[in-house]
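Raw contents of input_39.tsv, TSV, C-alpha atoms and all ligand atoms:
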```
chain	number	residue	atom	x	y	z
A	1	MET	CA	0.00	0.00	0.00
A	2	GLU	CA	1.25	3.45	-0.89
A	3	ARG	CA	1.86	6.08	1.77
A	4	GLN	CA	-0.85	8.45	0.56
A	5	GLU	CA	-3.57	5.78	0.53
A	6	ALA	CA	-2.55	4.63	4.03
A	7	LEU	CA	-2.58	8.19	5.37
A	8	THR	CA	-6.02	8.84	3.87
A	9	ILE	CA	-7.37	5.70	5.55
A	10	VAL	CA	-5.90	6.41	8.99
A	11	LYS	CA	-6.80	10.11	9.02
A	12	LYS	CA	-10.50	9.18	9.24
A	13	GLN	CA	-9.81	7.23	12.44
A	14	LEU	CA	-7.92	9.98	14.28
A	15	THR	CA	-8.19	13.48	15.67
A	16	GLU	CA	-6.13	16.16	13.90
A	17	HIS	CA	-3.68	16.16	16.84
A	18	ARG	CA	-3.25	12.38	16.71
A	19	TYR	CA	-2.85	12.54	12.93
A	20	GLN	CA	0.01	15.04	13.33
A	21	HIS	CA	1.56	12.67	15.92
A	22	THR	CA	1.21	9.85	13.38
A	23	ILE	CA	3.07	11.88	10.72
A	24	GLY	CA	5.83	12.50	13.28
A	25	VAL	CA	6.04	8.78	14.10
A	26	MET	CA	6.16	7.95	10.37
A	27	GLU	CA	9.02	10.35	9.63
A	28	THR	CA	10.94	9.23	12.73
A	29	ALA	CA	10.39	5.53	12.02
A	30	ILE	CA	11.64	5.91	8.43
A	31	LYS	CA	14.84	7.60	9.63
A	32	LEU	CA	15.42	4.95	12.30
A	33	ALA	CA	14.79	2.15	9.77
A	34	GLU	CA	17.34	3.66	7.36
A	35	GLN	CA	19.84	4.14	10.16
A	36	TYR	CA	19.50	0.69	11.76
A	37	GLY	CA	18.86	-1.34	8.60
A	38	ALA	CA	15.20	-2.27	8.98
A	39	ASP	CA	12.66	-2.56	6.14
A	40	VAL	CA	11.79	1.10	5.48
A	41	LYS	CA	8.46	0.39	3.78
A	42	LYS	CA	7.27	-1.82	6.68
A	43	ALA	CA	8.38	0.82	9.17
A	44	GLU	CA	6.41	3.45	7.24
A	45	LEU	CA	3.18	1.40	7.20
A	46	ALA	CA	3.47	0.21	10.81
A	47	ALA	CA	4.00	3.82	11.93
A	48	ILE	CA	1.06	5.12	9.89
A	49	PHE	CA	-1.32	2.54	11.39
A	50	HIS	CA	0.14	2.19	14.92
A	51	ASP	CA	-2.65	4.24	16.62
A	52	TYR	CA	-5.45	3.13	14.25
A	53	ALA	CA	-7.67	1.92	17.15
A	54	LYS	CA	-6.86	4.77	19.56
A	55	TYR	CA	-10.38	6.26	19.44
A	56	ARG	CA	-12.48	3.10	19.33
A	57	PRO	CA	-15.02	2.92	22.15
A	58	LYS	CA	-13.78	0.94	25.16
A	59	GLU	CA	-16.71	-1.45	24.86
A	60	GLU	CA	-15.77	-2.33	21.29
A	61	MET	CA	-12.12	-2.88	22.24
A	62	LYS	CA	-13.15	-5.04	25.19
A	63	ARG	CA	-15.40	-7.14	22.98
A	64	ILE	CA	-12.61	-7.68	20.43
A	65	ILE	CA	-10.11	-8.65	23.14
A	66	LEU	CA	-12.54	-11.31	24.44
A	67	GLU	CA	-13.80	-12.57	21.06
A	68	GLN	CA	-10.33	-12.78	19.50
A	69	ASN	CA	-8.83	-14.52	22.54
A	70	MET	CA	-6.26	-11.82	23.15
A	71	PRO	CA	-4.49	-11.97	26.53
A	72	ASN	CA	-7.47	-11.16	28.75
A	73	ASP	CA	-5.30	-9.90	31.62
A	74	LEU	CA	-5.22	-6.76	29.45
A	75	LEU	CA	-8.73	-6.03	30.70
A	76	SER	CA	-7.50	-5.70	34.29
A	77	TYR	CA	-4.94	-3.08	33.27
A	78	ASN	CA	-5.19	0.48	31.96
A	79	ALA	CA	-7.43	0.74	28.89
A	80	GLU	CA	-4.62	2.80	27.27
A	81	LEU	CA	-2.97	-0.56	26.56
A	82	TRP	CA	-5.89	-1.94	24.54
A	83	HIS	CA	-5.59	0.07	21.33
A	84	ALA	CA	-2.32	-1.65	20.41
A	85	PRO	CA	-3.47	-5.30	20.11
A	86	VAL	CA	-6.94	-4.21	18.95
A	87	GLY	CA	-5.27	-1.96	16.38
A	88	ALA	CA	-3.28	-4.89	14.97
A	89	TYR	CA	-6.52	-6.85	14.61
A	90	LEU	CA	-8.45	-4.01	12.95
A	91	VAL	CA	-5.61	-3.08	10.60
A	92	LYS	CA	-5.67	-6.68	9.41
A	93	THR	CA	-9.45	-7.06	9.14
A	94	GLU	CA	-10.52	-3.54	8.09
A	95	VAL	CA	-7.48	-2.30	6.15
A	96	GLY	CA	-6.35	-5.69	4.82
A	97	ILE	CA	-2.72	-5.57	5.89
A	98	GLU	CA	-1.55	-9.15	6.42
A	99	ASP	CA	2.16	-8.70	7.01
A	100	GLU	CA	2.86	-10.16	10.48
A	101	ASP	CA	5.95	-7.98	11.02
A	102	ILE	CA	3.85	-4.86	10.56
A	103	LEU	CA	0.98	-6.25	12.65
A	104	ASN	CA	3.35	-7.21	15.51
A	105	ALA	CA	4.93	-3.76	15.49
A	106	ILE	CA	1.42	-2.31	15.96
A	107	ARG	CA	0.44	-5.00	18.51
A	108	TYR	CA	3.43	-4.33	20.77
A	109	HIS	CA	3.87	-0.57	20.32
A	110	THR	CA	2.53	0.33	23.78
A	111	SER	CA	3.81	-2.44	26.10
A	112	GLY	CA	6.66	-3.84	24.06
A	113	ARG	CA	7.51	-7.50	24.77
A	114	ALA	CA	10.54	-9.66	25.50
A	115	ASN	CA	12.89	-10.15	22.54
A	116	MET	CA	11.37	-7.47	20.32
A	117	THR	CA	12.21	-7.51	16.62
A	118	LEU	CA	14.12	-4.59	15.10
A	119	LEU	CA	10.90	-3.28	13.53
A	120	GLU	CA	9.00	-3.51	16.84
A	121	LYS	CA	11.78	-1.58	18.57
A	122	ILE	CA	11.78	1.11	15.89
A	123	ILE	CA	8.02	1.70	16.14
A	124	TYR	CA	8.06	1.75	19.95
A	125	LEU	CA	10.92	4.25	19.93
A	126	ALA	CA	9.54	6.41	17.11
A	127	ASP	CA	6.26	6.67	19.04
A	128	TYR	CA	8.24	7.86	22.07
A	129	ILE	CA	10.61	10.36	20.41
A	130	GLU	CA	8.67	11.81	17.46
A	131	PRO	CA	9.18	15.61	17.33
A	132	GLY	CA	5.79	16.42	18.91
A	133	ARG	CA	6.57	14.53	22.16
A	134	ILE	CA	7.53	16.60	25.18
A	135	PHE	CA	7.87	14.12	28.08
A	136	PRO	CA	10.58	14.79	30.67
A	137	GLY	CA	13.72	12.96	29.53
A	138	VAL	CA	12.70	12.65	25.88
A	139	ASP	CA	15.72	14.65	24.64
A	140	GLU	CA	18.08	12.22	26.33
A	141	VAL	CA	16.33	9.34	24.55
A	142	ARG	CA	16.53	11.25	21.22
A	143	ASP	CA	20.30	11.63	21.72
A	144	LEU	CA	20.75	7.95	22.58
A	145	ALA	CA	18.72	6.98	19.49
A	146	LYS	CA	21.37	8.58	17.27
A	147	HIS	CA	23.93	5.95	18.31
A	148	ASP	CA	22.35	3.04	20.13
A	149	LEU	CA	18.81	1.81	19.57
A	150	ASN	CA	18.81	-0.56	22.55
A	151	LYS	CA	20.14	2.04	24.98
A	152	ALA	CA	17.54	4.54	23.78
A	153	LEU	CA	14.78	1.98	24.20
A	154	THR	CA	16.01	0.97	27.66
A	155	LYS	CA	15.89	4.61	28.78
A	156	ALA	CA	12.39	5.02	27.31
A	157	LEU	CA	11.21	1.94	29.26
A	158	GLN	CA	12.84	3.22	32.45
A	159	ASN	CA	11.10	6.58	32.02
A	160	THR	CA	7.74	4.96	31.29
A	161	ILE	CA	7.94	2.63	34.29
A	162	GLN	CA	9.03	5.52	36.52
A	163	PHE	CA	6.11	7.62	35.26
A	164	LEU	CA	3.65	4.80	36.03
A	165	LEU	CA	5.16	4.23	39.49
A	166	LYS	CA	4.82	7.93	40.34
A	167	LYS	CA	1.17	7.88	39.31
A	168	ASP	CA	0.49	4.73	41.43
A	169	GLN	CA	-0.49	2.89	38.26
A	170	PRO	CA	-0.20	-0.86	37.71
A	171	ILE	CA	2.55	-1.98	35.35
A	172	TYR	CA	1.52	-4.47	32.69
A	173	PRO	CA	3.74	-7.60	32.78
A	174	ASP	CA	4.88	-7.18	29.14
A	175	THR	CA	6.20	-3.72	30.03
A	176	ILE	CA	8.40	-5.31	32.71
A	177	HIS	CA	9.37	-8.13	30.34
A	178	THR	CA	10.43	-5.54	27.76
A	179	TYR	CA	12.61	-3.76	30.27
A	180	ASN	CA	14.20	-6.98	31.56
A	181	SER	CA	14.86	-8.27	28.07
A	182	LEU	CA	16.51	-4.98	27.01
A	183	ILE	CA	18.62	-4.48	30.11
A	184	MET	CA	20.06	-7.98	29.64
A	185	GLU	CA	20.59	-7.34	25.93
A	186	VAL	CA	22.54	-4.06	26.39
A	187	LYS	CA	24.99	-5.59	28.90
B	201	LIG	O1	-0.91	5.94	21.89
B	201	LIG	P1	0.16	6.92	22.26
B	201	LIG	O2	-0.32	7.97	23.24
B	201	LIG	O3	0.83	7.55	21.09
B	201	LIG	O4	1.31	6.14	23.04
B	201	LIG	P2	1.29	4.64	23.62
B	201	LIG	O5	0.57	3.73	22.73
B	201	LIG	O6	2.71	4.33	23.93
B	201	LIG	O7	0.43	4.74	24.96
B	201	LIG	C1	0.99	5.35	26.06
B	201	LIG	C2	0.03	5.18	27.23
B	201	LIG	O8	0.03	3.84	27.68
B	201	LIG	C3	0.48	6.04	28.40
B	201	LIG	O9	-0.68	6.67	28.94
B	201	LIG	C4	1.02	5.08	29.40
B	201	LIG	C5	0.28	3.82	29.07
B	201	LIG	N1	1.05	2.61	29.40
B	201	LIG	C6	2.12	2.11	28.75
B	201	LIG	N2	2.60	1.02	29.37
B	201	LIG	C7	1.78	0.81	30.44
B	201	LIG	C8	0.79	1.82	30.44
B	201	LIG	N3	-0.16	1.91	31.38
B	201	LIG	C9	-0.17	0.99	32.36
B	201	LIG	N4	-1.08	1.05	33.32
B	201	LIG	N5	0.74	-0.03	32.41
B	201	LIG	C10	1.74	-0.16	31.48
B	201	LIG	O10	2.56	-1.07	31.57
B	202	FE	FE	-0.44	4.19	20.84
B	203	FE	FE	4.59	4.35	23.29
B	204	FE	FE	1.31	6.81	19.16
```
What would the structure in this file look like if it were written as structure tokens?
Amino acid sequence: MERQEALTIVKKQLTEHRYQHTIGVMETAIKLAEQYGADVKKAELAAIFHDYAKYRPKEEMKRIILEQNMPNDLLSYNAELWHAPVGAYLVKTEVGIEDEDILNAIRYHTSGRANMTLLEKIIYLADYIEPGRIFPGVDEVRDLAKHDLNKALTKALQNTIQFLLKKDQPIYPDTIHTYNSLIMEVK
């Protein structure tokens, strides 16, 4: 699928603000893919569709998680986590993208998982560092991303976990697994 067709499809699913974020993720993901030797076209499409399900009603996402036998522990955790696996499902069924590398990059863009693929890492990181993001510590992660993808990702996970701890929020097991897997990989 060409970029323009993909952008036209996703724009209808998003707010203007989220669409601008998506463009930022796309441009960042393409640069990271070129730099670290990932498939640039897959990075572009995964980035364009990564937040496809962001504005689906919670009830619809819940229904899909149950009907499609997704990990149902998701339902006990923050609903912010749901749009990633539900997005992978809807991008396959509504948009017709079948490529499992792209679908996994969408599926794991919020929690990550142990032993992430290069493409999964690039989408997770692009989502975190795209130019519109202003979290505390994001500039440090942007600097690390210029030289070391795994170090940048480790710092992003540390920041995310710290942010959740400060807000007394539960931490989804895959988020911890991502951190553990990365910290062992960078050693
Ligand atoms: O969809 P975006 O806003 O672009 O970004 P995202 O898909 O990375 O979602 C980030 C949100 O997900 C943010 O509000 C924090 C939340 N989140 C990420 N990991 C966890 C989590 N929330 C909980 N409770 N537990 C997690 O492990
Ligand atoms: Fe997201
Ligand atoms: Fe993210
Ligand atoms: Fe996003």
Atom-to-atom span, CA of Lys41 in chain A and CA of Asp139 in chain A, Å: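 Separating CA of Lys41 in chain A from CA of Asp139 in chain A is a distance of 26.3 Å.
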Å distance separating CA of Lys31 in chain A from CA of Ile122 in chain A, one decimal place: 9.5 Å
Can you tell me which residues surround Glu98 in chain A at a distance of at most 12 Å, considering all atoms listed in the file, apart from same-chain residues fewer than 3 positions away, and format the answer as number ranges by chain? A: 1, 42, 45-46, 88-95, 101-104
Contact check, range 53-133 of chain A to range 170-185 of chain A, at most 8 Å, counting only C-alpha atoms, closest pairs as CSV:
```
residue,atom,partner,partner_atom,distance
A:Leu74,CA,A:Tyr172,CA,7.8
A:Tyr77,CA,A:Tyr172,CA,6.6
A:Asn78,CA,A:Pro170,CA,7.7
A:Ser111,CA,A:Thr175,CA,4.8
A:Gly112,CA,A:Thr178,CA,5.5
A:Arg113,CA,A:Thr178,CA,4.6
A:Ala114,CA,A:Thr178,CA,4.7
A:Asn115,CA,A:Ser181,CA,6.2
A:Met116,CA,A:Thr178,CA,7.7
```
Counting only C-alpha atoms and all ligand atoms, the residue of A:Val25, A:Tyr52, A:Asn69, A:Leu75 that sits nearest ligand FE 203 (chain B): A:Val25
Counting only C-alpha atoms and all ligand atoms, what are the residues, protein, DNA or RNA alike, that approach ligand FE 203 (chain B) to within 7 Å? I want them as an mmCIF file with C-alpha atoms, in the coordinates of the input.
```
data_model
loop_
_atom_site.group_PDB
_atom_site.id
_atom_site.type_symbol
_atom_site.label_atom_id
_atom_site.label_comp_id
_atom_site.auth_asym_id
_atom_site.auth_seq_id
_atom_site.Cartn_x
_atom_site.Cartn_y
_atom_site.Cartn_z
ATOM 1 C CA HIS A 109 3.870 -0.570 20.320
ATOM 2 C CA THR A 110 2.530 0.330 23.780
ATOM 3 C CA TYR A 124 8.060 1.750 19.950
ATOM 4 C CA ASP A 127 6.260 6.670 19.040
ATOM 5 C CA TYR A 128 8.240 7.860 22.070
#
```
Within 12 Å of ligand FE 204 (chain B) (counting all atoms listed in the file), which residues show up? I'd like them as a PyMOL selection string. chain A and resi 14+17-26+28-29+46-55+80-81+83-84+87+105-111+123-133
List as a PDB file with C-alpha atoms, in the frame of the given file the protein and nucleic acid residues near Val141 in chain A, meaning an atom at most 12 Å away when only C-alpha atoms are counted, but skip any in the same chain fewer than 3 places from it.
```pdb
ATOM      1  CA  LEU A 125      10.920   4.250  19.930  1.00  0.00           C
ATOM      2  CA  ALA A 126       9.540   6.410  17.110  1.00  0.00           C
ATOM      3  CA  ASP A 127       6.260   6.670  19.040  1.00  0.00           C
ATOM      4  CA  TYR A 128       8.240   7.860  22.070  1.00  0.00           C
ATOM      5  CA  ILE A 129      10.610  10.360  20.410  1.00  0.00           C
ATOM      6  CA  GLU A 130       8.670  11.810  17.460  1.00  0.00           C
ATOM      7  CA  PRO A 131       9.180  15.610  17.330  1.00  0.00           C
ATOM      8  CA  ARG A 133       6.570  14.530  22.160  1.00  0.00           C
ATOM      9  CA  ILE A 134       7.530  16.600  25.180  1.00  0.00           C
ATOM     10  CA  PHE A 135       7.870  14.120  28.080  1.00  0.00           C
ATOM     11  CA  PRO A 136      10.580  14.790  30.670  1.00  0.00           C
ATOM     12  CA  GLY A 137      13.720  12.960  29.530  1.00  0.00           C
ATOM     13  CA  VAL A 138      12.700  12.650  25.880  1.00  0.00           C
ATOM     14  CA  LEU A 144      20.750   7.950  22.580  1.00  0.00           C
ATOM     15  CA  ALA A 145      18.720   6.980  19.490  1.00  0.00           C
ATOM     16  CA  LYS A 146      21.370   8.580  17.270  1.00  0.00           C
ATOM     17  CA  HIS A 147      23.930   5.950  18.310  1.00  0.00           C
ATOM     18  CA  ASP A 148      22.350   3.040  20.130  1.00  0.00           C
ATOM     19  CA  LEU A 149      18.810   1.810  19.570  1.00  0.00           C
ATOM     20  CA  ASN A 150      18.810  -0.560  22.550  1.00  0.00           C
ATOM     21  CA  LYS A 151      20.140   2.040  24.980  1.00  0.00           C
ATOM     22  CA  ALA A 152      17.540   4.540  23.780  1.00  0.00           C
ATOM     23  CA  LEU A 153      14.780   1.980  24.200  1.00  0.00           C
ATOM     24  CA  THR A 154      16.010   0.970  27.660  1.00  0.00           C
ATOM     25  CA  LYS A 155      15.890   4.610  28.780  1.00  0.00           C
ATOM     26  CA  ALA A 156      12.390   5.020  27.310  1.00  0.00           C
ATOM     27  CA  LEU A 157      11.210   1.940  29.260  1.00  0.00           C
ATOM     28  CA  GLN A 158      12.840   3.220  32.450  1.00  0.00           C
ATOM     29  CA  ASN A 159      11.100   6.580  32.020  1.00  0.00           C
ATOM     30  CA  THR A 160       7.740   4.960  31.290  1.00  0.00           C
TER      31      THR A 160
END
```
Calculated over all atoms listed in the file, which of the candidates A:Trp82, A:Gly37, A:Leu66, A:Pro57 has the smallest distance to ligand FE 202 (chain B)?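 With all atoms listed in the file as the atom set, the closest residue is A:Trp82.
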Report, in Å to a single decimal, how far apart CA of Ala79 in chain A and CA of Lys167 in chain A are.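 Interatomic distance, CA of Lys167 in chain A to CA of Ala79 in chain A: 15.3 Å.
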For ligand FE 202 (chain B), which of A:Val86, A:Leu7, A:Ala38, A:Ala33 is the closest residue, counting all atoms listed in the file?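 Of A:Val86, A:Leu7, A:Ala38, A:Ala33, the one nearest ligand FE 202 (chain B), counting all atoms listed in the file, is A:Val86.
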